[in-house]
>>> print(open('my_file_27.cif').read())   # mmCIF, C-alpha atoms
data_my_file
#
loop_
_atom_site.label_atom_id
_atom_site.label_comp_id
_atom_site.auth_asym_id
_atom_site.auth_seq_id
_atom_site.Cartn_x
_atom_site.Cartn_y
_atom_site.Cartn_z
CA MET A 374 145.52 113.17 6.36
CA SER A 375 146.39 116.18 4.26
CA ASN A 376 147.46 119.43 5.82
CA HIS A 377 144.33 121.12 4.45
CA SER A 378 141.92 118.59 6.05
CA MET A 379 143.79 118.83 9.36
CA ASN A 380 143.36 122.57 9.21
CA CYS A 381 139.66 122.11 8.50
CA GLY A 382 139.35 119.81 11.53
CA ARG A 383 141.02 122.34 13.82
CA LEU A 384 139.05 125.14 12.30
CA LYS A 385 135.75 123.37 12.96
CA ARG A 386 136.54 123.50 16.67
CA LEU A 387 137.03 127.29 16.39
CA LEU A 388 133.80 128.01 14.51
CA PRO A 389 131.49 128.34 17.57
CA PRO A 390 133.71 130.90 19.38
CA PHE A 391 134.24 132.60 16.00
CA LEU A 392 130.46 132.88 15.59
CA ASP A 393 130.16 134.15 19.18
CA GLU A 394 132.90 136.74 18.53
CA GLU A 395 134.96 135.30 21.35
CA LEU A 396 138.18 134.62 19.44
CA PRO A 397 141.16 136.89 20.05
CA GLY A 398 142.16 139.11 17.09
CA ARG A 399 145.00 137.02 15.65
CA MET A 400 142.99 133.78 15.79
CA ARG A 401 140.02 135.48 14.23
CA GLU A 402 142.18 136.58 11.30
CA VAL A 403 143.43 133.01 10.82
CA VAL A 404 139.84 131.70 10.75
CA GLU A 405 138.70 134.43 8.36
CA SER A 406 141.62 133.70 6.07
CA HIS A 407 140.83 129.97 6.05
CA LEU A 408 137.12 130.59 5.43
CA ALA A 409 137.96 132.82 2.46
CA SER A 410 139.69 129.91 0.73
CA CYS A 411 137.64 126.90 1.98
CA PRO A 412 134.06 126.40 0.74
CA VAL A 413 133.61 123.30 2.96
CA CYS A 414 134.29 125.29 6.15
CA ARG A 415 132.15 128.18 4.89
CA ALA A 416 129.27 125.74 4.41
CA GLU A 417 129.88 124.35 7.90
CA LEU A 418 129.78 127.87 9.35
CA GLU A 419 126.50 128.61 7.57
CA ALA A 420 124.96 125.32 8.82
CA LEU A 421 126.02 126.17 12.37
CA ARG A 422 124.57 129.67 12.01
CA ALA A 423 121.26 128.24 10.66
CA ASP A 424 120.95 125.79 13.56
CA MET A 425 121.59 128.54 16.11
CA ALA A 426 118.97 130.70 14.36
CA LEU A 427 116.55 127.77 14.68
CA LEU A 428 117.19 127.67 18.43
CA GLU A 429 116.45 131.38 18.69
CA GLN A 430 112.98 130.91 17.23
CA VAL A 431 111.71 129.16 20.34
CA ARG A 432 109.52 131.48 22.34
CA THR A 433 109.06 131.63 26.11
CA PRO A 434 105.82 132.48 27.93
CA GLU A 435 105.51 135.95 29.42
CA VAL A 436 106.58 136.32 33.00
CA SER A 437 103.73 136.90 35.42
CA PRO A 438 103.07 140.60 36.15
CA TYR A 439 102.79 139.60 39.81
CA LEU A 440 106.32 138.24 40.12
CA VAL A 441 107.77 141.59 41.23
CA ILE A 442 104.89 142.09 43.69
CA ARG A 443 105.42 138.64 45.20
CA VAL A 444 109.19 139.06 45.47
CA MET A 445 108.87 142.47 47.11
CA ALA A 446 106.18 141.26 49.51
CA GLU A 447 108.52 138.49 50.66
CA VAL A 448 111.47 140.89 50.90
CA ARG A 449 109.42 143.38 52.97
CA GLN A 450 108.23 140.57 55.22
CA GLN A 451 111.84 139.46 55.72
CA LYS A 452 112.93 143.01 56.49
CA ARG A 453 110.13 143.37 59.07
CA THR A 454 111.02 140.02 60.63
CA ALA A 455 114.69 141.02 60.76
CA GLN A 456 113.78 144.38 62.36
CA ARG A 457 111.50 142.61 64.85
CA GLY A 458 114.25 140.13 65.57
CA PHE A 459 116.68 142.97 66.11
CA ALA A 460 114.20 144.74 68.40
CA ARG A 461 113.65 141.46 70.27
CA LEU A 462 117.40 140.96 70.59
CA ALA A 463 117.87 144.54 71.78
CA GLY A 464 115.01 144.02 74.26
CA SER A 465 116.56 140.77 75.48
CA LEU A 466 119.93 142.45 75.87
CA ALA A 467 118.32 145.34 77.74
CA ALA A 468 116.44 142.91 80.00
CA ALA A 469 119.64 140.93 80.58
CA LEU A 470 121.41 144.18 81.43
CA VAL A 471 118.67 145.14 83.91
CA VAL A 472 118.87 141.70 85.53
CA ALA A 473 122.67 141.89 85.70
CA VAL A 474 122.54 145.39 87.23
CA SER A 475 119.87 144.25 89.71
CA ILE A 476 121.93 141.23 90.74
CA GLY A 477 125.02 143.40 91.05
CA ALA A 478 123.15 145.98 93.11
CA GLY A 479 121.61 143.20 95.17
CA VAL A 480 125.01 141.72 95.93
CA LEU A 481 126.41 145.09 96.91
CA PHE A 482 123.32 146.05 98.90
CA GLY A 483 123.11 142.58 100.44
CA SER A 484 126.67 142.65 101.65
CA GLY A 485 125.95 146.09 103.21
CA ILE A 486 122.95 144.70 105.11
CA ALA A 487 124.91 141.62 106.13
CA GLY A 488 127.49 143.93 107.68
CA THR A 489 124.84 145.41 110.00
CA ILE A 490 122.80 142.29 110.67
CA THR A 491 125.59 139.82 111.50
CA PRO A 492 126.71 141.48 114.76
CA VAL A 493 123.07 141.62 115.92
CA ALA A 494 122.72 137.94 115.21
CA GLU A 495 126.00 137.21 116.93
CA ASN A 496 124.95 139.42 119.92
CA SER A 497 121.61 137.67 120.18
CA THR A 498 123.30 134.28 120.36
CA GLU A 499 125.73 135.48 123.00
CA GLU A 500 122.87 137.04 125.01
CA ALA A 501 120.86 133.83 124.77
CA VAL A 502 123.82 131.72 125.85
CA SER A 503 124.56 134.04 128.85
CA TYR A 504 120.83 134.07 129.76
CA VAL A 505 120.71 130.24 129.80
CA GLU A 506 123.94 130.10 131.78
CA SER A 507 122.71 132.65 134.39
CA SER A 508 119.33 130.92 134.65
CA ALA A 509 121.06 127.62 135.29
CA ALA A 510 123.27 129.23 137.96
CA ASP A 511 120.18 130.74 139.68
CA MET A 512 118.45 127.38 139.59
CA TYR A 513 121.45 125.65 141.23
CA ALA A 514 121.61 128.41 143.91
CA MET A 515 117.91 128.01 144.71
CA MET A 516 118.29 124.26 144.92
CA ALA A 517 121.29 124.68 147.22
CA GLY A 518 119.40 127.20 149.41
CA GLY A 519 116.37 124.84 149.56
CA ASP A 520 118.52 122.15 151.31
CA MET B 920 110.34 156.90 37.81
CA LEU B 921 113.56 155.16 36.73
CA SER B 922 112.07 154.22 33.35
CA ASN B 923 111.48 157.87 32.44
CA PRO B 924 113.76 158.64 29.46
CA GLU B 925 114.50 162.12 30.83
CA VAL B 926 115.95 160.66 34.01
CA PRO B 927 119.44 159.23 33.58
CA VAL B 928 119.42 155.46 33.89
CA ILE B 929 121.01 154.30 37.10
CA ASP B 930 123.31 151.34 36.55
CA ASP B 931 122.99 148.09 38.46
CA ALA B 932 126.06 148.76 40.62
CA ASP B 933 124.52 152.00 41.96
CA LEU B 934 121.20 150.28 42.60
CA VAL B 935 123.02 147.49 44.46
CA ARG B 936 124.80 150.02 46.69
CA LYS B 937 121.47 151.71 47.49
CA ALA B 938 119.78 148.38 48.14
CA GLN B 939 122.64 147.35 50.42
CA ALA B 940 121.93 150.51 52.42
CA GLY B 941 118.34 149.29 52.84
CA ASP B 942 116.65 151.06 49.88
CA LEU B 943 113.84 148.68 48.89
CA GLY B 944 112.92 150.83 45.86
CA ALA B 945 116.41 150.28 44.43
CA PHE B 946 116.11 146.53 44.94
CA GLU B 947 112.67 146.53 43.31
CA GLU B 948 114.19 148.20 40.25
CA LEU B 949 116.83 145.46 40.08
CA VAL B 950 114.07 142.84 40.26
CA ARG B 951 112.14 144.59 37.47
CA ARG B 952 115.22 144.75 35.26
CA HIS B 953 116.18 141.11 35.57
CA GLN B 954 112.87 139.30 36.03
CA HIS B 955 112.27 138.59 32.32
CA GLY B 956 115.78 137.32 31.60
CA LEU B 957 115.99 135.20 34.72
CA PHE B 958 112.52 133.72 34.22
CA SER B 959 113.24 132.99 30.56
CA TYR B 960 116.54 131.26 31.45
CA LEU B 961 114.93 129.15 34.16
CA TYR B 962 111.96 128.31 31.93
CA ARG B 963 114.30 127.00 29.24
CA MET B 964 116.09 124.96 31.87
CA CYS B 965 112.98 123.34 33.38
CA ARG B 966 110.31 123.74 30.62
CA ASN B 967 107.65 124.58 33.18
CA SER B 968 106.56 128.19 33.71
CA SER B 969 105.23 127.56 37.19
CA ASP B 970 108.53 126.02 38.38
CA ALA B 971 110.50 128.70 36.55
CA GLU B 972 108.55 131.46 38.27
CA GLU B 973 108.90 129.82 41.66
CA MET B 974 112.66 129.51 41.16
CA ALA B 975 112.96 133.09 39.86
CA GLN B 976 111.14 134.35 42.97
CA ALA B 977 113.30 132.22 45.28
CA ALA B 978 116.48 133.42 43.53
CA MET B 979 115.53 137.08 43.89
CA VAL B 980 114.59 136.73 47.55
CA LYS B 981 117.85 134.88 48.19
CA ALA B 982 119.69 137.68 46.37
CA TRP B 983 118.13 140.14 48.83
CA GLU B 984 119.21 137.97 51.77
CA LYS B 985 122.78 137.69 50.49
CA LEU B 986 123.07 141.22 49.13
CA GLY B 987 125.11 142.40 52.13
CA GLY B 988 127.86 139.97 51.17
CA PHE B 989 127.88 140.93 47.46
CA ARG B 990 131.17 142.75 46.82
CA GLY B 991 130.72 143.39 43.10
CA ALA B 992 133.46 141.02 41.91
CA SER B 993 131.01 140.04 39.15
CA SER B 994 127.98 141.90 37.80
CA PHE B 995 124.73 141.75 39.76
CA LYS B 996 123.14 140.01 36.77
CA THR B 997 125.59 137.08 36.62
CA TRP B 998 125.55 136.84 40.45
CA LEU B 999 121.74 136.58 40.35
CA TYR B 1000 121.86 134.01 37.54
CA ARG B 1001 124.34 131.95 39.56
CA ILE B 1002 121.87 131.86 42.45
CA GLY B 1003 119.14 130.84 39.99
CA THR B 1004 121.38 128.17 38.44
CA ASN B 1005 122.17 126.64 41.84
CA LEU B 1006 118.50 126.60 42.83
CA CYS B 1007 117.56 125.03 39.50
CA PHE B 1008 120.23 122.30 39.66
CA ASN B 1009 119.39 121.55 43.32
CA LEU B 1010 115.66 121.37 42.67
CA ARG B 1011 116.07 119.09 39.69
CA SER B 1012 118.45 116.76 41.51
CA ARG B 1013 116.00 116.45 44.44
CA ARG B 1014 113.00 115.73 42.23
CA LYS B 1015 112.16 112.36 40.81
CA PRO B 1016 112.22 112.36 37.05
CA THR B 1017 108.70 113.18 35.97
CA GLU B 1018 107.03 114.00 32.73
CA GLU B 1019 107.82 117.61 31.92
CA LEU B 1020 104.87 119.86 31.36
CA HIS B 1021 104.65 120.84 27.74
CA GLU B 1022 103.06 124.22 27.63
CA THR B 1023 101.31 125.48 24.61
CA MET B 1024 101.55 129.10 23.65
CA ALA B 1025 99.31 131.08 21.38
CA ALA B 1026 100.13 130.47 17.75
CA PRO B 1027 102.09 133.40 16.30
CA ASP B 1028 99.96 133.51 13.18
CA SER B 1029 96.47 132.14 13.65
CA GLU B 1030 95.45 133.18 10.13
CA ARG B 1031 98.03 130.81 8.65
CA PRO B 1032 97.44 127.55 10.48
CA GLU B 1033 99.99 125.63 8.41
CA ALA B 1034 102.78 128.07 9.23
CA ALA B 1035 101.71 128.03 12.87
CA PHE B 1036 101.82 124.26 12.86
CA GLN B 1037 105.31 124.22 11.31
CA GLN B 1038 106.47 126.73 13.91
CA LYS B 1039 105.09 124.53 16.68
CA LEU B 1040 106.92 121.49 15.28
CA ARG B 1041 110.18 123.41 15.07
CA GLU B 1042 109.82 124.67 18.63
CA GLU B 1043 109.09 121.22 19.93
CA ALA B 1044 112.07 119.77 18.07
CA VAL B 1045 114.36 122.43 19.53
CA ARG B 1046 112.99 121.92 23.06
CA LYS B 1047 113.57 118.20 22.80
CA ALA B 1048 117.08 118.73 21.43
CA LEU B 1049 117.89 121.09 24.32
CA HIS B 1050 116.58 118.59 26.84
CA CYS B 1051 118.78 115.83 25.50
CA LEU B 1052 121.74 117.81 26.83
CA PRO B 1053 123.30 117.39 30.26
CA GLU B 1054 122.30 120.29 32.55
CA ASP B 1055 125.59 122.19 32.45
CA GLN B 1056 125.75 122.07 28.64
CA ARG B 1057 122.13 123.18 28.39
CA ALA B 1058 122.68 126.05 30.84
CA ALA B 1059 125.72 127.27 28.90
CA LEU B 1060 123.90 127.08 25.56
CA VAL B 1061 120.75 128.80 26.87
CA LEU B 1062 122.78 131.64 28.38
CA SER B 1063 124.70 132.05 25.12
CA VAL B 1064 121.85 131.79 22.61
CA TYR B 1065 118.92 133.32 24.51
CA GLN B 1066 120.57 135.63 27.04
CA ASP B 1067 123.28 136.75 24.64
CA MET B 1068 125.91 136.44 27.37
CA SER B 1069 129.64 136.50 26.69
CA TYR B 1070 131.76 133.49 27.68
CA ARG B 1071 133.02 135.42 30.73
CA GLU B 1072 129.43 136.18 31.84
CA ILE B 1073 128.40 132.54 31.34
CA ALA B 1074 131.45 131.45 33.36
CA GLU B 1075 130.38 133.77 36.21
CA SER B 1076 126.78 132.57 36.03
CA LEU B 1077 127.77 128.90 36.19
CA GLY B 1078 130.77 129.20 38.48
CA LYS B 1079 133.14 127.79 35.84
CA SER B 1080 136.22 128.98 33.97
CA VAL B 1081 135.96 130.63 30.53
CA ARG B 1082 137.88 127.68 29.09
CA ALA B 1083 135.35 125.25 30.59
CA VAL B 1084 132.50 127.30 29.10
CA ASP B 1085 134.12 127.21 25.65
CA SER B 1086 134.32 123.42 25.95
CA LEU B 1087 130.75 123.10 27.28
CA LEU B 1088 129.39 125.21 24.43
CA PHE B 1089 131.25 123.24 21.80
CA ARG B 1090 129.88 119.93 23.13
CA ALA B 1091 126.39 121.41 23.59
CA ARG B 1092 126.25 122.65 20.00
CA THR B 1093 127.60 119.41 18.61
CA ASN B 1094 125.01 117.36 20.54
CA VAL B 1095 122.07 119.64 19.72
CA ARG B 1096 122.97 119.66 16.06
CA LYS B 1097 123.09 115.86 15.96
CA VAL B 1098 119.51 115.69 17.30
CA LEU B 1099 118.34 118.42 14.93
CA ALA B 1100 120.02 116.66 11.99
CA LYS B 1101 117.95 113.53 12.73
CA ASP B 1102 114.74 115.58 12.84
CA ARG B 1103 115.73 117.27 9.61
CA ALA B 1104 116.34 113.91 7.96
CA ARG B 1105 112.87 112.77 9.08
CA GLY B 1106 111.34 115.96 7.69
CA ILE B 1107 110.17 117.22 11.10
CA ILE B 1108 112.01 120.52 10.69
#
>>> encode(input="my_file_27.cif", output="structure tokens")
Amino acid sequence: MSNHSMNCGRLKRLLPPFLDEELPGRMREVVESHLASCPVCRAELEALRADMALLEQVRTPEVSPYLVIRVMAEVRQQKRTAQRGFARLAGSLAAALVVAVSIGAGVLFGSGIAGTITPVAENSTEEAVSYVESSAADMYAMMAGGD
Amino acid sequence: MLSNPEVPVIDDADLVRKAQAGDLGAFEELVRRHQHGLFSYLYRMCRNSSDAEEMAQAAMVKAWEKLGGFRGASSFKTWLYRIGTNLCFNLRSRRKPTEELHETMAAPDSERPEAAFQQKLREEAVRKALHCLPEDQRAALVLSVYQDMSYREIAESLGKSVRAVDSLLFRARTNVRKVLAKDRARGII
């Protein structure tokens, strides 16, 4: 393979980025210099350019005028849902806070009541026990007296 | 309005910042700016305007959902196209291969039916050539030829390196040209 044909082979690989203006300055100069002296590569560049121009001729249908409306309707709906979700979350947190405060207050209040009720309960039991004991004693005394 | 020539044009980055702060008008302007390009890209990827529009809508809504996490490392445009690309590749991989819908568009020159017919043949040949390509090659070529994107922008849109894009484009062009050369030899184009 001659040096010239090898250069043409390597140059062919550089033609697309050359056409796209993506080659760095020094490389671009090398390609331009080769093209100036090589009709085969110039023809290849023109064929590549013509095929890309052919691709560009293909048209696309117009986008629907309602696309923006549909996108924004969905976006607004999402924003509302997110806001509602946030409000629901805030409401849930507030409700949870109320419940927690109520339970806390209940515990505190409950323990306060328990402090006053417990002795009464204990007293009542003691009174009942002493009543039963005294009643039993009276009953034995009466039975003894009856003999 | 933003399209008024007397009002300085706000760039995408400013609109993104406003939209991130909850400004729906700013987001709507971004949608207006990119709807044609995104739709056109997706249409060339799937050859069906109804699917392309559905994907464009889904991509834009997803962009809104993810906008809070967008840090501006790339442009909004290439970020949006990346979302569209992912949706397109996912949709196509989920679907069973079906006959693509070939849509007919109004002839560009109805007074010259022969020219219109030739144009239609050329368009069909190009569409077929594009659809012979693997998806990533097609996406790279469509973004380069029709969206006029630089290699860096294509890399951002496809989530690939610039070197990978250069390689994809070279293979895409080589493959497309082979198909077109056959059509040319048969006198179709």
>>> closest_atom_pairs(input="my_file_27.cif", of="chain A", to="chain B", cutoff="7 Å", atoms="all atoms listed in the file", output="CSV")
residue,atom,partner,partner_atom,distance
A:Pro389,CA,B:Phe1089,CA,6.6
A:Asp424,CA,B:Arg1096,CA,6.9
A:Leu428,CA,B:Val1045,CA,6.1
A:Glu429,CA,B:Tyr1065,CA,6.6
A:Val431,CA,B:Glu1042,CA,5.2
A:Thr433,CA,B:Ser959,CA,6.3
A:Pro434,CA,B:Met1024,CA,6.9
A:Val436,CA,B:His955,CA,6.2
A:Leu440,CA,B:Gln976,CA,6.8
A:Val441,CA,B:Val950,CA,6.5
A:Val444,CA,B:Gln976,CA,5.7
A:Met445,CA,B:Glu947,CA,6.7
A:Val448,CA,B:Val980,CA,6.2
>>> closest_residue(input="my_file_27.cif", among="A:Ala420, A:Thr454, A:Arg415, A:Asn380", to="Val403 in chain A", atoms="only C-alpha atoms")
A:Asn380
>>> atom_distance(input="my_file_27.cif", atom1="CA of Glu1033 in chain B", atom2="CA of His1050 in chain B")
25.8 Å
>>> closest_residue(input="my_file_27.cif", among="B:Ala940, B:Leu1052, B:Val935, B:Leu961", to="Leu1087 in chain B", atoms="all atoms listed in the file")
B:Leu1052
>>> atom_distance(input="my_file_27.cif", atom1="CA of Ile442 in chain A", atom2="CA of Arg952 in chain B")
13.6 Å
>>> axis_aligned_box(input="my_file_27.cif", around="range 942-956 of chain B", padding_each_side="3 Å", output="AutoDock Vina command-line options")
--center_x 114.5 --center_y 144.2 --center_z 40.7 --size_x 10.7 --size_y 19.7 --size_z 24.3
>>> closest_residue(input="my_file_27.cif", among="A:Lys385, A:Glu402, A:Gln450, A:Arg432", to="Glu419 in chain A", atoms="only C-alpha atoms")
A:Lys385
>>> atom_distance(input="my_file_27.cif", atom1="CA of Leu418 in chain A", atom2="CA of Leu387 in chain A")
10.1 Å
>>> residues_around(input="my_file_27.cif", residues="Phe989 in chain B", least_positions_apart="3", cutoff="9 Å", atoms="only C-alpha atoms", output="PyMOL selection string")
chain B and resi 935+939+982+985-986+992-993+995+998
>>> residues_around(input="my_file_27.cif", residues="Ala932 in chain B", least_positions_apart="5", cutoff="9 Å", atoms="only C-alpha atoms", output="PyMOL selection string")
chain B and resi 937+991+994-995
